[in-house]
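Note: the block below is target-v3.txt and it holds compact mmCIF, C-alpha atoms and all ligand atoms.
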```
# COMPACT_ATOMS: atom_id res chain seq x y z
CA MET A 1 6.66 -6.99 44.63
CA ALA A 2 4.05 -9.52 45.62
CA SER A 3 4.37 -8.70 49.34
CA GLY A 4 4.51 -11.55 51.81
CA VAL A 5 5.83 -13.88 49.11
CA SER A 6 7.38 -16.97 50.66
CA TRP A 7 9.79 -19.41 49.07
CA PRO A 8 9.48 -21.87 47.53
CA LEU A 9 6.50 -20.69 45.52
CA PRO A 10 3.54 -23.03 45.70
CA THR A 11 2.56 -24.76 42.47
CA GLY A 12 -0.05 -22.79 40.57
CA SER A 13 1.91 -19.56 41.17
CA TRP A 14 2.47 -17.34 38.16
CA LEU A 15 5.95 -16.97 36.67
CA GLY A 16 6.43 -14.31 34.00
CA VAL A 17 8.82 -13.87 31.13
CA VAL A 18 9.39 -10.66 29.21
CA GLY A 19 10.16 -11.73 25.64
CA GLY A 20 8.32 -14.52 23.89
CA GLY A 21 10.96 -16.16 21.69
CA GLN A 22 12.29 -19.69 21.85
CA LEU A 23 14.00 -19.19 25.21
CA GLY A 24 10.71 -18.06 26.75
CA ARG A 25 8.93 -20.97 25.10
CA MET A 26 11.29 -23.65 26.44
CA PHE A 27 11.20 -21.96 29.86
CA ALA A 28 7.38 -21.95 29.82
CA VAL A 29 7.16 -25.64 28.96
CA GLU A 30 9.47 -26.57 31.85
CA ALA A 31 7.67 -24.26 34.29
CA GLN A 32 4.30 -25.77 33.38
CA ARG A 33 5.70 -29.29 33.73
CA MET A 34 6.66 -28.35 37.28
CA GLY A 35 3.18 -27.06 38.10
CA TYR A 36 3.55 -23.32 37.58
CA ARG A 37 1.53 -21.01 35.38
CA VAL A 38 3.32 -18.79 32.90
CA GLY A 39 2.62 -15.30 31.62
CA VAL A 40 4.46 -13.91 28.58
CA LEU A 41 4.85 -10.27 27.55
CA ASP A 42 5.65 -9.91 23.86
CA PRO A 43 4.08 -7.52 21.34
CA ASP A 44 4.01 -10.24 18.65
CA PRO A 45 0.64 -12.05 18.87
CA THR A 46 2.16 -15.14 17.21
CA CYS A 47 5.40 -15.31 19.22
CA PRO A 48 6.83 -18.76 20.11
CA ALA A 49 6.30 -18.50 23.88
CA GLY A 50 2.85 -16.94 23.55
CA GLN A 51 1.67 -20.11 21.79
CA VAL A 52 2.29 -22.21 24.91
CA ALA A 53 1.86 -19.71 27.77
CA ASP A 54 -1.13 -19.65 30.11
CA ARG A 55 -1.40 -15.92 29.46
CA HIS A 56 0.07 -13.80 26.67
CA VAL A 57 0.04 -10.02 26.93
CA ALA A 58 0.76 -8.56 23.50
CA GLU A 59 1.84 -5.06 24.57
CA PRO A 60 4.96 -3.08 23.64
CA TYR A 61 8.09 -3.66 25.73
CA ALA A 62 8.84 0.03 26.07
CA ASP A 63 5.55 0.76 27.81
CA PRO A 64 6.31 0.92 31.56
CA GLU A 65 2.59 0.89 32.43
CA ALA A 66 1.90 -2.23 30.40
CA GLN A 67 4.89 -3.93 31.96
CA CYS A 68 3.87 -3.02 35.49
CA ALA A 69 0.34 -4.24 34.82
CA PHE A 70 1.80 -7.47 33.46
CA ALA A 71 3.98 -7.90 36.57
CA GLN A 72 1.05 -7.58 38.96
CA GLY A 73 -0.18 -11.00 39.86
CA LEU A 74 3.13 -12.63 39.01
CA SER A 75 5.25 -14.10 41.80
CA ALA A 76 8.54 -13.94 39.89
CA LEU A 77 9.65 -12.54 36.56
CA THR A 78 12.49 -13.18 34.15
CA LEU A 79 13.81 -11.59 30.98
CA GLU A 80 14.52 -13.38 27.74
CA PHE A 81 16.74 -10.74 26.15
CA GLU A 82 19.13 -7.89 26.88
CA HIS A 83 17.68 -4.90 25.11
CA VAL A 84 15.52 -3.84 28.01
CA ASP A 85 13.87 -0.52 28.64
CA PRO A 86 15.36 0.90 31.88
CA ALA A 87 12.20 2.68 33.05
CA ALA A 88 10.06 -0.35 32.37
CA ILE A 89 12.21 -2.83 34.26
CA THR A 90 12.84 -0.58 37.24
CA GLY A 91 9.11 -0.02 37.60
CA THR A 92 8.39 -3.70 37.13
CA ASP A 93 10.78 -4.83 39.85
CA ALA A 94 8.73 -2.84 42.34
CA HIS A 95 5.81 -5.23 41.69
CA CYS A 96 7.57 -8.52 41.29
CA PRO A 97 11.14 -9.78 41.90
CA MET A 98 13.06 -9.83 38.64
CA THR A 99 15.70 -12.29 37.49
CA PRO A 100 18.18 -10.90 36.54
CA SER A 101 17.94 -7.94 38.91
CA PRO A 102 17.52 -4.50 37.33
CA ALA A 103 21.16 -3.70 38.27
CA VAL A 104 22.46 -6.70 36.33
CA ALA A 105 20.05 -6.16 33.42
CA LEU A 106 21.05 -2.51 33.09
CA MET A 107 24.76 -3.38 33.22
CA LYS A 108 24.26 -5.94 30.42
CA ARG A 109 22.28 -3.51 28.30
CA ASP A 110 25.44 -1.82 27.13
CA ARG A 111 28.51 -3.75 25.97
CA LEU A 112 30.93 -1.07 27.15
CA THR A 113 29.38 -0.90 30.63
CA GLU A 114 29.53 -4.70 30.80
CA LYS A 115 33.23 -4.71 29.91
CA GLN A 116 34.04 -1.88 32.33
CA THR A 117 32.19 -3.66 35.14
CA LEU A 118 33.95 -6.97 34.50
CA SER A 119 37.30 -5.23 34.19
CA ALA A 120 36.75 -3.41 37.51
CA HIS A 121 36.18 -6.82 39.13
CA GLY A 122 39.43 -8.11 37.63
CA PHE A 123 37.82 -10.66 35.27
CA PRO A 124 39.89 -11.64 32.20
CA LEU A 125 38.86 -9.80 29.01
CA ALA A 126 40.46 -8.90 25.69
CA ASP A 127 41.83 -5.33 25.81
CA PHE A 128 39.14 -2.84 24.87
CA ALA A 129 38.61 0.90 24.56
CA PRO A 130 35.62 3.16 23.84
CA ALA A 131 35.38 4.07 20.14
CA GLY A 132 32.19 6.12 20.04
CA ASP A 133 33.54 8.94 17.84
CA VAL A 134 36.31 9.44 15.30
CA ALA A 135 38.89 10.72 17.80
CA LYS A 136 38.16 7.88 20.23
CA LEU A 137 38.30 5.33 17.42
CA HIS A 138 41.81 6.40 16.41
CA ALA A 139 42.95 6.62 20.03
CA ALA A 140 41.59 3.09 20.56
CA VAL A 141 43.40 1.76 17.48
CA ALA A 142 46.63 3.37 18.73
CA THR A 143 46.27 1.73 22.15
CA ILE A 144 44.97 -1.67 21.13
CA GLY A 145 46.61 -2.18 17.75
CA LEU A 146 45.30 -4.08 14.74
CA PRO A 147 43.66 -6.42 14.02
CA ALA A 148 40.78 -5.45 16.28
CA VAL A 149 37.02 -5.89 16.36
CA LEU A 150 34.72 -2.87 16.36
CA LYS A 151 31.44 -3.66 18.12
CA SER A 152 28.33 -1.58 18.66
CA THR A 153 27.61 -1.33 22.38
CA THR A 154 23.85 -1.68 22.32
CA GLU A 155 22.64 -3.30 19.12
CA GLY A 156 24.86 -6.31 18.66
CA TYR A 157 24.00 -9.95 19.06
CA ASP A 158 24.88 -12.99 16.97
CA GLY A 159 27.79 -10.99 15.54
CA LYS A 160 25.53 -8.19 14.26
CA GLY A 161 26.89 -4.64 14.49
CA GLN A 162 30.51 -5.87 14.30
CA ARG A 163 33.39 -5.54 11.90
CA VAL A 164 37.01 -6.62 12.00
CA LEU A 165 39.58 -3.87 11.39
CA ARG A 166 42.75 -5.35 9.94
CA THR A 167 44.50 -2.37 8.34
CA PRO A 168 44.75 1.40 8.95
CA GLN A 169 42.51 1.79 5.88
CA ASP A 170 39.84 -0.36 7.60
CA ALA A 171 40.07 2.00 10.59
CA ALA A 172 39.69 5.03 8.30
CA ASP A 173 36.70 3.37 6.61
CA ALA A 174 35.08 2.87 10.01
CA GLU A 175 35.09 6.63 10.72
CA ALA A 176 31.77 7.09 8.97
CA LEU A 177 30.27 4.31 11.05
CA VAL A 178 31.24 5.68 14.46
CA ALA A 179 30.50 9.28 13.47
CA GLY A 180 27.31 8.65 11.58
CA GLU A 181 24.84 6.49 13.36
CA GLY A 182 23.27 8.77 15.92
CA SER A 183 22.60 6.91 19.11
CA LEU A 184 24.81 3.87 18.35
CA ARG A 185 28.01 3.72 20.37
CA TYR A 186 31.05 1.57 19.70
CA VAL A 187 33.81 -0.24 21.54
CA LEU A 188 37.03 -1.53 20.00
CA GLU A 189 38.36 -4.84 21.18
CA ARG A 190 41.63 -6.64 20.51
CA PHE A 191 41.24 -9.48 17.99
CA VAL A 192 41.71 -12.68 19.98
CA PRO A 193 43.59 -15.55 18.25
CA PHE A 194 41.51 -18.13 20.09
CA THR A 195 41.93 -21.88 19.59
CA LYS A 196 38.35 -22.69 20.60
CA GLU A 197 35.17 -20.91 21.61
CA LEU A 198 33.72 -22.31 24.82
CA SER A 199 30.82 -21.48 27.11
CA VAL A 200 29.66 -22.34 30.56
CA ILE A 201 26.43 -21.57 32.40
CA CYS A 202 26.25 -21.09 36.14
CA ALA A 203 23.01 -20.88 38.11
CA ARG A 204 22.75 -19.04 41.41
CA GLY A 205 19.73 -19.44 43.63
CA ARG A 206 17.97 -16.97 45.87
CA ASP A 207 19.93 -18.44 48.79
CA GLY A 208 23.30 -17.95 47.03
CA GLN A 209 23.78 -21.63 46.14
CA THR A 210 25.61 -22.06 42.81
CA ARG A 211 25.82 -24.89 40.27
CA CYS A 212 27.67 -24.89 36.95
CA PHE A 213 26.70 -26.84 33.86
CA PRO A 214 29.51 -28.63 32.01
CA LEU A 215 31.83 -26.63 29.78
CA VAL A 216 30.91 -26.90 26.08
CA GLU A 217 32.61 -26.09 22.78
CA ASN A 218 30.82 -23.81 20.32
CA VAL A 219 31.36 -23.24 16.62
CA HIS A 220 29.99 -20.04 15.09
CA VAL A 221 29.26 -19.46 11.41
CA ASN A 222 28.81 -15.86 10.29
CA GLY A 223 28.77 -14.83 13.97
CA ILE A 224 25.79 -17.11 14.75
CA LEU A 225 26.11 -20.21 16.90
CA ASP A 226 26.14 -23.26 14.63
CA THR A 227 27.00 -26.23 16.85
CA THR A 228 27.62 -26.99 20.51
CA LEU A 229 29.46 -30.04 21.81
CA ALA A 230 29.14 -31.29 25.39
CA PRO A 231 31.51 -31.93 27.02
CA ALA A 232 34.08 -29.61 25.45
CA PRO A 233 37.12 -31.58 24.28
CA VAL A 234 39.60 -29.72 26.52
CA PRO A 235 41.85 -30.71 29.44
CA ALA A 236 40.11 -31.05 32.82
CA ALA A 237 42.07 -28.05 34.12
CA VAL A 238 40.39 -25.80 31.52
CA ALA A 239 36.93 -27.05 32.47
CA GLU A 240 37.71 -26.45 36.14
CA ALA A 241 39.01 -22.94 35.45
CA ALA A 242 35.89 -22.13 33.42
CA ALA A 243 33.59 -23.35 36.19
CA ALA A 244 35.52 -21.32 38.77
CA LEU A 245 35.25 -18.26 36.54
CA ALA A 246 31.49 -18.65 36.00
CA THR A 247 30.93 -19.19 39.73
CA ALA A 248 32.97 -16.08 40.56
CA LEU A 249 30.94 -14.09 38.00
CA ALA A 250 27.66 -15.22 39.54
CA GLU A 251 28.84 -14.40 43.05
CA ARG A 252 30.62 -11.10 42.44
CA LEU A 253 27.88 -9.70 40.24
CA ASP A 254 25.33 -10.92 42.79
CA VAL A 255 23.38 -12.78 40.11
CA VAL A 256 20.15 -14.51 41.01
CA GLY A 257 19.36 -16.66 37.98
CA LEU A 258 21.67 -17.81 35.22
CA VAL A 259 24.91 -16.40 33.91
CA ALA A 260 26.15 -17.80 30.61
CA ALA A 261 29.79 -16.93 29.89
CA GLU A 262 31.04 -17.10 26.30
CA LEU A 263 34.77 -17.71 26.50
CA PHE A 264 37.79 -17.70 24.21
CA LEU A 265 40.38 -20.43 24.83
CA LEU A 266 43.87 -19.06 24.21
CA PRO A 267 46.81 -21.01 22.79
CA ASP A 268 48.43 -21.09 26.26
CA GLY A 269 45.29 -22.62 27.84
CA GLY A 270 44.09 -19.35 29.38
CA LEU A 271 40.51 -18.10 29.13
CA LEU A 272 39.08 -14.69 28.20
CA ILE A 273 35.44 -13.69 28.57
CA ASN A 274 33.89 -12.67 25.26
CA GLU A 275 30.48 -11.77 26.61
CA LEU A 276 27.88 -12.73 29.18
CA ALA A 277 24.16 -13.44 29.07
CA PHE A 278 22.00 -13.48 32.19
CA ARG A 279 19.41 -15.88 30.81
CA PRO A 280 19.23 -19.32 29.19
CA HIS A 281 21.70 -19.49 26.32
CA ASN A 282 21.61 -21.13 22.90
CA SER A 283 24.72 -23.10 23.86
CA GLY A 284 22.77 -24.54 26.81
CA HIS A 285 19.96 -26.11 24.76
CA TYR A 286 21.84 -29.41 24.85
CA THR A 287 21.10 -29.62 28.61
CA ILE A 288 17.52 -30.73 27.83
CA GLU A 289 18.81 -34.08 26.63
CA GLY A 290 22.34 -34.06 28.06
CA CYS A 291 22.04 -33.08 31.71
CA ALA A 292 20.16 -34.26 34.77
CA THR A 293 18.50 -30.81 34.90
CA SER A 294 18.05 -28.54 31.89
CA GLN A 295 19.02 -24.86 31.92
CA PHE A 296 15.31 -24.02 31.66
CA GLU A 297 14.32 -26.15 34.64
CA GLN A 298 17.22 -24.64 36.58
CA LEU A 299 15.84 -21.17 35.90
CA VAL A 300 12.38 -22.28 37.02
CA ARG A 301 13.95 -23.59 40.22
CA VAL A 302 15.72 -20.27 40.83
CA LEU A 303 12.57 -18.25 40.18
CA ALA A 304 10.46 -20.46 42.40
CA GLY A 305 13.04 -20.57 45.20
CA LEU A 306 13.46 -24.34 44.83
CA PRO A 307 16.79 -26.13 45.38
CA LEU A 308 19.01 -26.14 42.29
CA GLY A 309 19.09 -29.41 40.33
CA SER A 310 22.07 -31.60 39.48
CA THR A 311 23.95 -30.33 36.44
CA GLU A 312 25.61 -33.67 35.84
CA LEU A 313 26.18 -34.51 32.16
CA VAL A 314 24.37 -37.82 31.80
CA ARG A 315 25.50 -38.45 28.21
CA ALA A 316 27.59 -36.83 25.51
CA THR A 317 25.37 -34.47 23.50
CA ALA A 318 25.74 -32.26 20.45
CA MET A 319 23.39 -29.51 19.29
CA ALA A 320 23.03 -28.02 15.80
CA ASN A 321 20.96 -24.92 15.14
CA LEU A 322 18.37 -24.94 12.37
CA LEU A 323 18.33 -21.56 10.65
CA GLY A 324 15.69 -20.36 8.24
CA ASP A 325 18.13 -20.94 5.35
CA LEU A 326 17.20 -24.64 5.55
CA TRP A 327 13.54 -23.94 4.75
CA PRO A 328 12.55 -24.34 1.11
CA ALA A 329 10.30 -21.55 -0.22
CA GLY A 330 6.72 -22.26 0.76
CA GLY A 331 7.56 -25.55 2.46
CA GLU A 332 9.56 -27.08 5.27
CA PRO A 333 12.56 -29.40 5.56
CA ASP A 334 12.03 -33.15 5.55
CA PHE A 335 12.30 -33.64 9.30
CA ALA A 336 11.54 -37.35 9.05
CA GLN A 337 14.85 -37.79 7.22
CA ALA A 338 16.78 -36.20 10.08
CA LEU A 339 14.95 -38.27 12.65
CA THR A 340 16.09 -41.53 11.09
CA VAL A 341 19.52 -40.85 12.65
CA GLU A 342 19.94 -42.68 15.95
CA GLY A 343 19.81 -40.52 19.09
CA VAL A 344 18.55 -37.37 17.34
CA ARG A 345 15.75 -35.16 18.68
CA LEU A 346 14.02 -32.24 17.02
CA HIS A 347 13.05 -28.93 18.65
CA LEU A 348 11.02 -26.42 16.64
CA TYR A 349 10.11 -22.99 17.94
CA GLY A 350 6.79 -22.42 16.21
CA LYS A 351 7.97 -19.52 14.03
CA ALA A 352 5.71 -19.17 11.03
CA GLU A 353 8.11 -17.30 8.78
CA ALA A 354 11.53 -18.73 7.91
CA ARG A 355 14.12 -16.08 7.08
CA PRO A 356 17.85 -16.52 6.39
CA GLY A 357 19.76 -16.43 9.69
CA ARG A 358 16.58 -16.79 11.79
CA LYS A 359 16.75 -19.47 14.47
CA MET A 360 13.81 -21.76 13.68
CA GLY A 361 14.75 -24.73 15.85
CA HIS A 362 17.59 -27.06 16.74
CA LEU A 363 18.57 -30.71 16.70
CA THR A 364 20.34 -32.57 19.46
CA ALA A 365 22.02 -35.94 19.29
CA THR A 366 23.19 -38.07 22.17
CA ALA A 367 25.76 -40.83 21.73
CA PRO A 368 28.32 -42.87 23.66
CA THR A 369 31.09 -40.36 22.80
CA PRO A 370 31.11 -36.62 22.03
CA GLU A 371 32.61 -37.28 18.58
CA GLN A 372 29.75 -39.64 17.72
CA ALA A 373 27.18 -37.18 19.04
CA LEU A 374 28.57 -34.43 16.80
CA GLU A 375 28.72 -36.74 13.81
CA ARG A 376 25.09 -37.78 14.38
CA VAL A 377 23.73 -34.26 14.69
CA LEU A 378 25.62 -33.04 11.62
CA GLN A 379 24.48 -36.06 9.63
CA ALA A 380 20.89 -35.40 10.65
CA ARG A 381 21.12 -31.74 9.67
CA ARG A 382 22.69 -32.57 6.31
CA ARG A 383 19.60 -34.63 5.56
CA LEU A 384 17.55 -31.43 5.86
CA THR A 385 19.68 -29.47 3.44
CA PRO A 386 17.64 -28.53 0.40
P1 LIG B 401 29.84 -11.64 19.84
O1 LIG B 401 28.54 -11.16 19.23
O2 LIG B 401 30.61 -10.59 20.54
O3 LIG B 401 29.63 -12.88 20.66
O4 LIG B 401 30.76 -12.11 18.61
C1 LIG B 401 30.33 -13.06 17.66
C2 LIG B 401 31.52 -13.88 17.22
O5 LIG B 401 32.54 -13.05 16.63
C3 LIG B 401 32.24 -14.58 18.37
O6 LIG B 401 31.59 -15.77 18.71
C4 LIG B 401 33.62 -14.81 17.76
O7 LIG B 401 33.59 -15.91 16.86
C5 LIG B 401 33.83 -13.55 16.98
N1 LIG B 401 34.53 -12.54 17.81
C6 LIG B 401 33.95 -11.63 18.63
N2 LIG B 401 34.87 -10.89 19.28
C7 LIG B 401 36.08 -11.32 18.84
C8 LIG B 401 37.43 -10.95 19.16
N3 LIG B 401 37.73 -9.95 20.00
N4 LIG B 401 38.42 -11.64 18.54
C9 LIG B 401 38.16 -12.63 17.67
N5 LIG B 401 36.91 -13.02 17.33
C10 LIG B 401 35.86 -12.38 17.91
```

This entry written out as structure tokens:
Amino acid sequence: MASGVSWPLPTGSWLGVVGGGQLGRMFAVEAQRMGYRVGVLDPDPTCPAGQVADRHVAEPYADPEAQCAFAQGLSALTLEFEHVDPAAITGTDAHCPMTPSPAVALMKRDRLTEKQTLSAHGFPLADFAPAGDVAKLHAAVATIGLPAVLKSTTEGYDGKGQRVLRTPQDAADAEALVAGEGSLRYVLERFVPFTKELSVICARGRDGQTRCFPLVENVHVNGILDTTLAPAPVPAAVAEAAAALATALAERLDVVGLVAAELFLLPDGGLLINELAFRPHNSGHYTIEGCATSQFEQLVRVLAGLPLGSTELVRATAMANLLGDLWPAGGEPDFAQALTVEGVRLHLYGKAEARPGRKMGHLTATAPTPEQALERVLQARRRLTP
């Protein structure tokens, strides 16, 4: 670690991010606005964050030496994704304090370890059981029952590496999957009959101070986040319970940085944790327009040892993701059409190639009420539809 480092970091200090996607890009823009310099490690020479960073190191992630060299000269470092290389991050932390800590990052690397850790702390989760081979799969089905969701423990995000098992035949069909794919491991989880999907982000500073962003409602399509609405249309008691849960997660897991909790709302008003992310989250992009402090600025504040900012929702905001499916072959959507809708703002991530399912950007809309904000953002996105 940069020895003798004192908090808060003076402006001009270097903050680093491993992973140069859109999260790294929005983080870099906020950090630079606040006077810091930003280094990005990402092997892709054209990555979104590399385009705006002060320094871009295009080396492989799994190269501990490259990562340690990158970390030297940085005053604080953060990660943009979960699939980290253990040797690389442990070595890196020796040069520069990492957010999340290696302990948290390694816990999150594996879905089963994450669930076991949360369960050991008594946090509310859907019933789960390891299903990494045929015998375990059938034992898990016997314990948990059907329907259930089979998830890979290390490869899944945005619903990838998942399948719903509804019948004993589905379970039999999944045998080849759990037996066949070498290093991939699986966990079986009870299918949750949720009424809404919600999420909340809590920040925890180096001094242990915590602040939660407002609870939001998320809608997923094909396992990928489609829209976010802030505030979530739920009773105040649910929002309070979610904030208490996120704060307890940040404190008990000793998080320095952000914890985003994806939650299922149950018919009886209870909450279950679906999964966590220890970084800015797609469902927090609305904070740029909606809150007094954005999730990206909050992360900059944590990294730099600055006081956390107000998370007050200053206006109702909705966010809609823009996936590559909206891009016509060889062209781009008619963004001017979307921007004719009142209160709408466009965020593009600088990705050259549009592919189906690829997150290319997002729209936000602010409005006097959440319903109007959602209507505006959906109307704007419809205008982009080819
Ligand atoms: P994940 O990648 O685990 O966040 O899952 C992607 C999406 O699949 C979630 O946002 C839910 O819509 C759905 N899903 C995941 N786990 C379950 C579950 N146990 N029960 C019902 N739906 C689920």

Centre, x/y/z edge lengths, axis-aligned box for ligand LIG 401 (chain B) with 3 Å per side, as JSON:
```
{"center_x": 33.5, "center_y": -12.9, "center_z": 18.6, "size_x": 15.9, "size_y": 12.0, "size_z": 10.0}
```

Practice problem: Measuring atom to atom with only C-alpha atoms, identify which of A:Leu118, A:Leu229, A:Leu313, A:Ala329 is nearest to Leu378 in chain A. | Solution: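 Of the candidates, the smallest distance to Leu378 in chain A is held by A:Leu229.
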
Exercise. Excluding His362 in chain A and residues on its chain fewer than 3 positions from it, collect all residues at most 6 Å away from it, counting all atoms listed in the file, and give them as an MDAnalysis selection string.
Key: chainID A and resid 320:322 347

Exercise. Could you please determine the separation between CA of Gly269 in chain A and CA of Ala120 in chain A in Å, to one decimal place?
Key: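 Computing it gives 23.1 Å between the two atoms.
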
Quiz item: Hey, which residues come within 8 Å of ligand LIG 401 (chain B) if we count all atoms listed in the file? Could you give them as a list in words?
Solution: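 My answer, listing the contacting residues, is Ala126, Ala148, Val149, Lys151, Gly156, Tyr157, Asp158, Gly159, Lys160, Gln162, Glu189, Arg190, Phe191, Val192, Pro193, Phe194, Glu197, Val219, His220, Val221, Asn222, Gly223, Ile224, Leu225, Glu262, Asn274 and Glu275 of chain A.
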